[in-house]
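> Structure in structure tokens, see below.
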Amino acid sequence: MNAFSVLFRKLLKIVRSPVLPEKDYYHRRERRASRAEAVRPDSPNLDRRLQLVRERLGESGDLVTRAFSSGNGRVRLALLYVDGMADRKLLSDNVLRPIQDDNPLLRHYKELRPDNALQLIEELVVNVSETATAPDLTQALRRVLSGDTALLVDGEKKILILGTRSWSMRAVTEPETESAVRGPREGFTETLRVNTSLLRRRIRHEKLRLETMRAGRRTTSDIVLVYIADLVNPQVLAEVRQRIAAIDTDAILESGYIEEFIEDAPWCVFPQIEHTERVDKASAAILEGRIIILTDNTPIALIVPTFFFQFLQAAEDYYERPFIGIALRMLRLIVMNVALILPAAYVAIITFHQEMLPTPLLLSIAAAREGVPMPAVAEALLMEATFEVLREAGVRLPKTVGQAVSIVGGLVVGDAAIRAGLVSPSMVIVVATTAIATFAIPAFNAAISLRLLRFPLIILAGAMGLYGVMFGLLTILIQLAGLQSFGVPYLTPLAHGTALDAMKTFARPPWWLALWRPKALGTPDRRRQAGNMRFRPAPPEERELTHEETGDKDAGKR
Amino acid sequence: MLEKGRISPRQAGELLFMTIFATVILFVPSIMAEKAGHDAWLAAFAGALAGLPTLALVVRLGRRHPGQTIFQYSETILGRLFGKLAGLAYVWFFLHWGAVVVREYGDFLTAAFMPATPLSMFNFTLVLLAAWAVVAGLETIARMNEFLIFLVVSSLLAILALSVANWDTAFLQPVLAEGFGPVLRGALVSAGWHAEIVTMAVLLPYLTRPQRAFASGAAAVLASGFILTLGVVAALSVFGPDLVAVFKFALHYFVHTIDIADFLTRFEAVVMAIWVAGVFIKTSVIYYCAALGLGQVLGLAEYRPVVLPLGVVMATLSVTLFANVSELSFFLSNVWPAYSITLFTLGLPLLLLAGSYVRGRPEDNKQAENLNE
């Protein structure tokens with residue numbers, strides 16, 4: 001073995017070794033902190049513990065420690081809560097007063113002493129519906145920080161936790177992003193408990209499960225999986241649990257964080273998890289055998305697994321008469337294609353395949369394009385980009401100003417651009433139609449990915465004509481067909497799944513015929529109802545005609 | 001196991017349908033009209049039926065060697081050396097076939113749509129796209145196909161229905177005026193295409209229910225034969241046999257004639273969309289078979305590394321195999337059916353089945369397989 005080969009091998013070793021040694025920097029700091037904590041003994045002494053609380057939480061203005069005594073001064077106690085998150089009236093009426101006052105129950109039954117205080121107070125004195133005991137200060141503080149109240153007793157190591165969570169919250173309002181003409185007006189709010197109660201109210205079934213998980217080291221956000229135990233596919237459920245449990249980050253502020261952590265293909269343009277603010281939509285998903293992921297502090301719930309064509313469906317499809325549902329679904333399918341393809345197809349036809357247009361139309365388009373200084377591709381890209389700017393400018397502005405933007409941008413600039421001969425009227429029609437089509441797609445996140453894909457398609461159309469468009473569409477299809485959402489193919493039910501489910505993409509069945517849940521979800525119980533429930537009126541009974549009906553006015557007299 | 005995905009028998013049937021059908025509908029009507037004249041429609045269906053024996057052969061082989069593709073059981077049957085040679089022969093078959101299909105695609109697009117664009121642009125972009133699909137795996141191809149087959153078949157049927165106004169069924173008569181000779185010659189062409197069902201030999205072990213292989217394959221062959229017959233009938237009754245024989249792409253010219261109320265005209269773009277989508281699936285399937293086969297013959301752990309090299313060869317072959325469209329057309333009508341049937345779609349499978357029976361009962365093979373694992 002010569003020196004070169006040795007050198008080469010060493011080099012190879014260096015190149016192959018990972019850049020950083022695999023050390024867990026993130027957790028190391030946490031461990032150090034917990035070690036420092038462990039040094040202090042968890043003493044039962046009240047003053048020392050209150051001091052410890054102040055050390056750990058610092059001088060936070062909203063943290064209230066209220067020390068008092070009871071049992072003729074024999075027992076010293078302290079309440080610990082966060083102002084604004086705990087119910088102060090409940091605390092003063094149902095906790096402080098019964099303990100401090102000369103309580104007849106205590107007087108006749110037992111004497112309050114430091115060693116029995118905690119148990120007696122929990123069992124006999126406080127009038128709070130939810131109580132628990134925490135073994136140490138760390139756990140008690142966690143509950144206090146989420147709005148509960150801790151009752152510390154001098155000389156007692158255990159801590160009594162009183163359920164006093166109450167804070168001002170946004171009322172349940174109509175979801176603005178998904179409004180419907182017909183259907184319930186309730187939307188999710190930022191408060192998790194309210195959201196779970198909204199779901200529970202709709203599905204009053206013993207098998208409805210609300211499974212709580214936590215994520216976020218600093219936010220400790222509650223995440224609730226909602227499903228019906230005998231409808232959900234256990235494999236999908238296990239997968240969801242596992243993926244959420246694997247999240248180890250410092251903050252979860254919105255369900256979008258979770259979405260990105262648990263989706264199957266993070267680099268794909270298309271959204272792979274549907275989200276909704278509508279309670280009825282979430283309930284319908286649960287009843288199909290899907291899982292809803294609720295996150296604390298956001299009104300947006302996630303629906304898994306998700307199929308692509310779900311993004312083209314709205315809750316209202318199921319409330320209006322089936323014909324309307326069918327027509328709307330067909331319309332949205334067309335609209336989706338328009339939103340994706342129309343500008344690209346226009347560019348391709350104008351640039352390469354003029355023969356496809358009827359001659360009069362071609363002539364008028366050509367005449368309008370006479371003075372336009374750009375090729376159709378550049379024109380289309382410019383107009384599409386302008387539209388995106390207009391839309392983005394309008395979204396963040398207050399409504400009143402937003403209208404001004406759309407008037408100035410759309411009407412004034414658009415009209416002037418045509419008059420100046422910068423763009424052709426036909427291109428404006430195409431771009432405007434596309435824009436409207438985009439807004440007709442119910443799901444904003446799906447619409448935006450279609451909008452993004454429009455740009456490469458326009459470029460392909462300008463380069464290779466309709467062939468380029470087809471090429472682009474096939475690339476998109478490869479992506480879509482390769483995707484899976486929690487083990488279920490994304491293109492279900494059009495690819496994969498039964499013919500019946502595929503038909504539902506185009507037409508929703510009338511409710512009396514909706515016998516089955518989607519097969520691809522793998523729900524153990526596919527049957528939705530007993531059988532065809534169509535109402536059939538009874539045949540008319542045979543009877544004597546009345547005189548009014550026969551028109552025989554004299555019949556009674558005779 | 002090189003392929004972990006599984007497809008349902010229905011998906012397999014649809015894949016095979018598309019594999020046969022995609023090129024059939026464009027090229028075959030004119031070739032058959034040239035060979036069989038106004039009896040071409042008879043020849044179309046008769047030829048399709050000839051796909052069934054091939055299907056029966058490969059399904060029988062697949063039953064005797066469960067869980068193995070043709071590349072694997074040829075080794076079990078013929079021994080290591082000859083087995084590998086047979087496997088390589090099949091890899092070549094798929095590669096060559098793929099190149100021919102890609103060439104058909106490029107030639108059609110340059111001739112009918114974009115005459116100024118070089119052929120290699122179409123061929124290389126198609127192979128690139130197919131390579132991506134092949135890397136994505138069998139399940140992905142199957143799902144894409146499930147999505148596309150609906151569009152392709154429905155738009156094709158719509159085109160045929162729209163043309164009914166132009167039909168003159170007198171062109172189909174007289175039936176069998178020149179006896180069975182021309183019909184048989186025409187049927188051979190159709191048979192050459194429908195024997196492509198031999199692809200089932202590769203897909204069969206990846207079916208969720210392999211016992212349904214024959215049913216789904218037969219459905220694919222019959223459906224393709226039926227639509228081809230419909231297409232030939234339509235083309236003949238619009239143009240007459242003499243004109244169809246002159247056209248290279250009968251369906252394309254056929255679409256020119258559609259004119260409903262001076263408004264629904266110029267459906268060429270639809271034809272191109274059908275064609276591009278169909279050939280894309282067809283190329284992906286053939287390409288997949290070649291890649292998987294090479295992986296299995298060479299004993300690789302993954303077939304994905306050979307995808308791109310094979311693609312380069314396939315794309316290059318597709319450009320260099322033929323000098324021009326006429327050469328391709330001559331090859332397709334006179335060489336391809338005989339070449340593929342005698343060697344790959346009937347010859348080798350027959351040999352393998354005979355060998356398999358000589359080797360012994362399937363039970364022994366099962367035991368051998370268990371030992372191998």
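Naming works like this for the structure tokens: A, B, ... for the chains as they're shown, residue 1 at the start of each chain, ligands 1 onward in shown order.
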Fewer than 3 positions away in the same chain doesn't count, so skip those; otherwise give me all residues within 7 Å of stretch 232-248 of chain B, counting only C-alpha atoms, as a short mmCIF file (atom, residue, chain, number, x, y, z; two decimals) with C-alpha atoms, in the first residue's frame.

data_model
loop_
_atom_site.label_atom_id
_atom_site.label_comp_id
_atom_site.auth_asym_id
_atom_site.auth_seq_id
_atom_site.Cartn_x
_atom_site.Cartn_y
_atom_site.Cartn_z
CA PHE B 27 -50.92 3.79 -36.24
CA PRO B 29 -55.91 1.65 -38.57
CA SER B 30 -53.92 2.80 -41.59
CA ILE B 31 -51.60 -0.22 -41.57
CA ALA B 33 -56.44 -0.73 -44.12
CA GLU B 34 -53.36 -1.17 -46.26
CA GLY B 37 -58.79 -3.12 -47.17
CA HIS B 38 -62.42 -2.79 -46.22
CA ALA B 40 -59.78 -4.18 -41.73
CA TRP B 41 -62.40 -3.93 -39.00
CA LEU B 160 -65.86 8.94 -32.37
CA ASN B 166 -69.75 11.78 -41.49
CA TRP B 167 -70.03 7.99 -41.54
CA ASP B 168 -70.81 6.09 -44.70
CA THR B 169 -71.02 2.43 -43.81
CA PHE B 171 -67.23 1.60 -47.20
CA LEU B 172 -67.30 -1.47 -44.96
CA LEU B 228 -59.58 -0.44 -32.03
CA THR B 229 -62.38 -2.07 -34.02
CA PHE B 254 -60.16 11.82 -38.97
#
> Would you mind listing what lies within 12 Å of B:Asn334 as a list in words, with only C-alpha atoms counted and same-chain residues fewer than 2 positions away left out?
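Returned residues: Ile31, Met32, Glu34, Lys35, Arg185, Gly186, Leu188, Val189, Ser190, Gly192, Ser326, Glu327, Leu328, Ser329, Phe330, Phe331, Leu332, Trp336, Pro337, Ala338, Tyr339 and Ser340 of chain B.
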> Might you pull out every residue within 6 Å of stretch 275-292 of chain B, with only C-alpha atoms counted and same-chain residues fewer than 6 positions away left off, and present them as a list in words?
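Non-adjacent residues within range: Thr19, Ala22, Val91, Phe94, Leu95, Gly98, Ala130, Val134, Tyr303 and Val307 of chain B.
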> Please produce a file of the residues just selected, as a PDB file, in the first residue's frame, where the atoms kept are N, CA and C atoms.

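The new file result-v4.pdb reads:
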ATOM      1  N   THR B  19     -51.161   0.297 -22.159  1.00  0.00           N
ATOM      2  CA  THR B  19     -49.913  -0.114 -22.797  1.00  0.00           C
ATOM      3  C   THR B  19     -50.164  -0.584 -24.226  1.00  0.00           C
ATOM      4  N   ALA B  22     -52.421   2.729 -26.404  1.00  0.00           N
ATOM      5  CA  ALA B  22     -51.944   4.091 -26.662  1.00  0.00           C
ATOM      6  C   ALA B  22     -51.456   4.278 -28.090  1.00  0.00           C
ATOM      7  N   VAL B  91     -34.943  -7.889 -21.448  1.00  0.00           N
ATOM      8  CA  VAL B  91     -34.590  -6.496 -21.172  1.00  0.00           C
ATOM      9  C   VAL B  91     -34.402  -5.763 -22.493  1.00  0.00           C
ATOM     10  N   PHE B  94     -37.793  -5.045 -24.130  1.00  0.00           N
ATOM     11  CA  PHE B  94     -38.490  -3.883 -23.573  1.00  0.00           C
ATOM     12  C   PHE B  94     -37.790  -2.588 -23.976  1.00  0.00           C
ATOM     13  N   LEU B  95     -36.450  -2.643 -23.994  1.00  0.00           N
ATOM     14  CA  LEU B  95     -35.697  -1.445 -24.347  1.00  0.00           C
ATOM     15  C   LEU B  95     -35.977  -1.046 -25.795  1.00  0.00           C
ATOM     16  N   GLY B  98     -39.536   0.044 -26.207  1.00  0.00           N
ATOM     17  CA  GLY B  98     -39.667   1.392 -25.677  1.00  0.00           C
ATOM     18  C   GLY B  98     -39.137   2.425 -26.658  1.00  0.00           C
ATOM     19  N   ALA B 130     -40.810   9.938 -18.328  1.00  0.00           N
ATOM     20  CA  ALA B 130     -41.054   8.531 -17.991  1.00  0.00           C
ATOM     21  C   ALA B 130     -40.060   8.064 -16.941  1.00  0.00           C
ATOM     22  N   VAL B 134     -40.881   6.197 -13.543  1.00  0.00           N
ATOM     23  CA  VAL B 134     -40.347   4.880 -13.216  1.00  0.00           C
ATOM     24  C   VAL B 134     -39.683   4.918 -11.845  1.00  0.00           C
ATOM     25  N   TYR B 303     -33.702  -1.126  -8.377  1.00  0.00           N
ATOM     26  CA  TYR B 303     -33.617  -0.950  -9.827  1.00  0.00           C
ATOM     27  C   TYR B 303     -33.389   0.500 -10.198  1.00  0.00           C
ATOM     28  N   VAL B 307     -32.103   3.208 -13.987  1.00  0.00           N
ATOM     29  CA  VAL B 307     -33.165   3.883 -14.744  1.00  0.00           C
ATOM     30  C   VAL B 307     -32.596   4.905 -15.728  1.00  0.00           C
TER      31      VAL B 307
END
> As an MDAnalysis selection string, please: the residues near B:Leu57 (cut-off 9 Å, only C-alpha atoms, same-chain neighbours under 2 positions excluded).
chainID B and resid 52:55 59:62 198 346 349:350 353
> The selected residues should be written to file as a short mmCIF file (atom, residue, chain, number, x, y, z; two decimals), in the first residue's frame (atoms: N, CA and C atoms).

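Output below, filename selection.cif:
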data_model
loop_
_atom_site.label_atom_id
_atom_site.label_comp_id
_atom_site.auth_asym_id
_atom_site.auth_seq_id
_atom_site.Cartn_x
_atom_site.Cartn_y
_atom_site.Cartn_z
N LEU B 52 -54.88 -13.25 -26.56
CA LEU B 52 -55.26 -14.13 -25.45
C LEU B 52 -54.31 -15.32 -25.23
N PRO B 53 -53.86 -16.03 -26.30
CA PRO B 53 -52.92 -17.12 -26.06
C PRO B 53 -51.66 -16.66 -25.34
N THR B 54 -51.12 -15.52 -25.76
CA THR B 54 -49.93 -15.01 -25.07
C THR B 54 -50.22 -14.78 -23.60
N LEU B 55 -51.38 -14.18 -23.34
CA LEU B 55 -51.76 -13.90 -21.96
C LEU B 55 -51.86 -15.21 -21.17
N VAL B 59 -49.62 -16.12 -17.91
CA VAL B 59 -50.33 -16.32 -16.65
C VAL B 59 -50.04 -17.72 -16.11
N ARG B 60 -50.02 -18.69 -17.02
CA ARG B 60 -49.68 -20.06 -16.63
C ARG B 60 -48.27 -20.09 -16.00
N LEU B 61 -47.35 -19.43 -16.69
CA LEU B 61 -45.97 -19.37 -16.19
C LEU B 61 -45.94 -18.70 -14.81
N GLY B 62 -46.68 -17.61 -14.68
CA GLY B 62 -46.71 -16.90 -13.41
C GLY B 62 -47.29 -17.75 -12.30
N VAL B 198 -47.89 -9.40 -23.13
CA VAL B 198 -46.81 -10.15 -22.49
C VAL B 198 -46.24 -9.38 -21.30
N LEU B 346 -44.52 -14.96 -28.07
CA LEU B 346 -45.03 -16.33 -28.17
C LEU B 346 -43.89 -17.34 -28.06
N PRO B 349 -41.87 -17.42 -24.38
CA PRO B 349 -42.77 -17.92 -23.33
C PRO B 349 -43.13 -19.39 -23.52
N LEU B 350 -43.36 -19.81 -24.78
CA LEU B 350 -43.65 -21.22 -25.04
C LEU B 350 -42.50 -22.08 -24.57
N LEU B 353 -42.37 -22.24 -20.84
CA LEU B 353 -43.42 -23.07 -20.25
C LEU B 353 -43.08 -24.54 -20.42
#
> Report as an mmCIF file with C-alpha atoms, in the first residue's frame all protein, DNA and RNA residues lying within 9 Å of B:Ser356, evaluated on only C-alpha atoms, omitting residues in the same chain fewer than 6 positions from it.

data_model
loop_
_atom_site.group_PDB
_atom_site.id
_atom_site.type_symbol
_atom_site.label_atom_id
_atom_site.label_comp_id
_atom_site.auth_asym_id
_atom_site.auth_seq_id
_atom_site.Cartn_x
_atom_site.Cartn_y
_atom_site.Cartn_z
ATOM 1 C CA LEU B 61 -45.972 -19.369 -16.190
ATOM 2 C CA ARG B 64 -46.180 -22.058 -11.757
ATOM 3 C CA HIS B 65 -43.640 -19.611 -10.391
ATOM 4 C CA TYR B 73 -38.263 -17.620 -13.457
ATOM 5 C CA SER B 74 -36.391 -17.840 -16.733
ATOM 6 C CA THR B 76 -35.183 -21.012 -12.471
ATOM 7 C CA ILE B 77 -36.209 -22.826 -15.629
ATOM 8 C CA LEU B 78 -33.252 -22.502 -17.955
ATOM 9 C CA PRO B 362 -44.790 -26.233 -9.125
#
> Would you list which chain A residues are within 12 Å of chain B using only C-alpha atoms, as a short mmCIF file (atom, residue, chain, number, x, y, z; two decimals) with N, CA and C atoms, in the first residue's frame?

data_model
loop_
_atom_site.label_atom_id
_atom_site.label_comp_id
_atom_site.auth_asym_id
_atom_site.auth_seq_id
_atom_site.Cartn_x
_atom_site.Cartn_y
_atom_site.Cartn_z
N ALA A 345 -52.68 27.87 -21.79
CA ALA A 345 -53.26 27.43 -23.06
C ALA A 345 -53.41 28.60 -24.02
N ALA A 348 -50.05 29.38 -25.46
CA ALA A 348 -49.64 28.35 -26.43
C ALA A 348 -50.39 28.52 -27.74
N ILE A 349 -51.68 28.76 -27.66
CA ILE A 349 -52.48 28.85 -28.88
C ILE A 349 -52.10 30.10 -29.68
N PHE A 352 -48.30 29.36 -30.92
CA PHE A 352 -47.95 28.22 -31.77
C PHE A 352 -49.10 27.65 -32.59
N HIS A 353 -50.30 27.67 -32.03
CA HIS A 353 -51.38 26.91 -32.68
C HIS A 353 -52.52 27.83 -33.09
N GLN A 354 -52.20 28.85 -33.85
CA GLN A 354 -53.24 29.81 -34.22
C GLN A 354 -54.38 29.13 -34.97
N GLU A 355 -54.06 28.01 -35.65
CA GLU A 355 -55.08 27.36 -36.46
C GLU A 355 -56.22 26.80 -35.62
N MET A 356 -56.02 26.69 -34.31
CA MET A 356 -57.08 26.12 -33.49
C MET A 356 -58.23 27.08 -33.26
N LEU A 357 -57.98 28.36 -33.45
CA LEU A 357 -59.05 29.33 -33.21
C LEU A 357 -59.87 29.52 -34.49
N PRO A 358 -61.16 29.77 -34.35
CA PRO A 358 -61.96 30.12 -35.52
C PRO A 358 -61.41 31.42 -36.13
N THR A 359 -61.44 31.53 -37.43
CA THR A 359 -60.76 32.64 -38.10
C THR A 359 -61.21 34.03 -37.62
N PRO A 360 -62.52 34.31 -37.49
CA PRO A 360 -62.89 35.66 -37.06
C PRO A 360 -62.30 36.02 -35.70
N LEU A 361 -62.34 35.05 -34.77
CA LEU A 361 -61.80 35.29 -33.44
C LEU A 361 -60.30 35.56 -33.52
N ALA A 463 -42.55 28.23 -24.46
CA ALA A 463 -41.40 27.57 -25.06
C ALA A 463 -41.81 26.44 -26.00
N MET A 464 -42.80 25.64 -25.63
CA MET A 464 -43.10 24.43 -26.39
C MET A 464 -44.57 24.31 -26.78
N GLY A 465 -45.33 25.35 -26.60
CA GLY A 465 -46.73 25.28 -27.02
C GLY A 465 -47.55 24.33 -26.18
N LEU A 466 -48.61 23.80 -26.77
CA LEU A 466 -49.49 22.90 -26.03
C LEU A 466 -48.76 21.67 -25.55
N TYR A 467 -47.74 21.26 -26.31
CA TYR A 467 -46.94 20.12 -25.87
C TYR A 467 -46.29 20.43 -24.52
N GLY A 468 -45.78 21.65 -24.41
CA GLY A 468 -45.17 22.06 -23.15
C GLY A 468 -46.17 22.04 -22.01
N VAL A 469 -47.39 22.50 -22.30
CA VAL A 469 -48.43 22.50 -21.26
C VAL A 469 -48.71 21.07 -20.81
N MET A 470 -48.84 20.19 -21.79
CA MET A 470 -49.09 18.78 -21.48
C MET A 470 -47.94 18.20 -20.66
N PHE A 471 -46.73 18.56 -21.05
CA PHE A 471 -45.54 18.11 -20.33
C PHE A 471 -45.62 18.56 -18.87
N GLY A 472 -45.95 19.83 -18.70
CA GLY A 472 -46.06 20.36 -17.34
C GLY A 472 -47.14 19.66 -16.54
N LEU A 473 -48.28 19.43 -17.19
CA LEU A 473 -49.39 18.79 -16.47
C LEU A 473 -49.01 17.37 -16.07
N LEU A 474 -48.28 16.67 -16.95
CA LEU A 474 -47.89 15.30 -16.60
C LEU A 474 -46.90 15.31 -15.44
N THR A 475 -46.00 16.31 -15.40
CA THR A 475 -45.09 16.38 -14.25
C THR A 475 -45.88 16.57 -12.97
N ILE A 476 -46.88 17.44 -13.03
CA ILE A 476 -47.72 17.65 -11.85
C ILE A 476 -48.40 16.35 -11.45
N LEU A 477 -48.86 15.63 -12.48
CA LEU A 477 -49.58 14.38 -12.19
C LEU A 477 -48.65 13.34 -11.54
N ILE A 478 -47.40 13.28 -12.00
CA ILE A 478 -46.47 12.34 -11.37
C ILE A 478 -46.35 12.66 -9.88
N GLN A 479 -46.22 13.96 -9.60
CA GLN A 479 -46.15 14.40 -8.21
C GLN A 479 -47.37 13.96 -7.41
N LEU A 480 -48.53 14.26 -7.97
CA LEU A 480 -49.78 13.98 -7.25
C LEU A 480 -49.96 12.49 -7.05
N ALA A 481 -49.66 11.71 -8.09
CA ALA A 481 -49.89 10.27 -8.00
C ALA A 481 -48.92 9.63 -7.03
N GLY A 482 -47.75 10.24 -6.86
CA GLY A 482 -46.77 9.66 -5.95
C GLY A 482 -47.05 9.99 -4.49
N LEU A 483 -47.88 11.01 -4.25
CA LEU A 483 -48.12 11.46 -2.88
C LEU A 483 -49.02 10.51 -2.12
N GLN A 484 -48.76 10.43 -0.83
CA GLN A 484 -49.67 9.72 0.05
C GLN A 484 -49.94 10.61 1.25
N VAL A 488 -52.64 6.82 2.72
CA VAL A 488 -53.72 6.74 1.74
C VAL A 488 -53.31 7.58 0.52
N PRO A 489 -53.38 7.02 -0.69
CA PRO A 489 -52.96 7.78 -1.86
C PRO A 489 -53.74 9.09 -1.98
N TYR A 490 -53.02 10.13 -2.37
CA TYR A 490 -53.56 11.49 -2.39
C TYR A 490 -54.63 11.64 -3.47
N LEU A 491 -54.49 10.91 -4.57
CA LEU A 491 -55.44 11.06 -5.68
C LEU A 491 -56.72 10.24 -5.48
N THR A 492 -56.82 9.51 -4.36
CA THR A 492 -58.07 8.85 -4.05
C THR A 492 -59.18 9.89 -4.10
N PRO A 493 -60.36 9.61 -4.57
CA PRO A 493 -60.83 8.33 -5.06
C PRO A 493 -60.75 8.18 -6.59
N LEU A 494 -60.20 9.15 -7.30
CA LEU A 494 -60.16 8.99 -8.76
C LEU A 494 -59.15 7.93 -9.15
N ALA A 495 -58.02 7.91 -8.50
CA ALA A 495 -57.09 6.81 -8.69
C ALA A 495 -57.06 6.08 -7.37
N HIS A 496 -57.22 4.76 -7.37
CA HIS A 496 -57.27 4.00 -6.13
C HIS A 496 -58.66 4.20 -5.52
N GLY A 497 -59.25 3.14 -5.04
CA GLY A 497 -60.57 3.29 -4.45
C GLY A 497 -61.65 2.75 -5.39
N THR A 498 -62.86 2.74 -4.90
CA THR A 498 -63.93 2.12 -5.67
C THR A 498 -64.51 3.09 -6.69
N ALA A 499 -65.23 2.53 -7.66
CA ALA A 499 -65.87 3.35 -8.69
C ALA A 499 -66.92 4.26 -8.05
N ALA A 502 -65.27 7.15 -6.63
CA ALA A 502 -64.79 8.02 -7.70
C ALA A 502 -65.93 8.88 -8.21
N MET A 503 -67.12 8.30 -8.28
CA MET A 503 -68.26 9.05 -8.77
C MET A 503 -68.59 10.23 -7.87
#
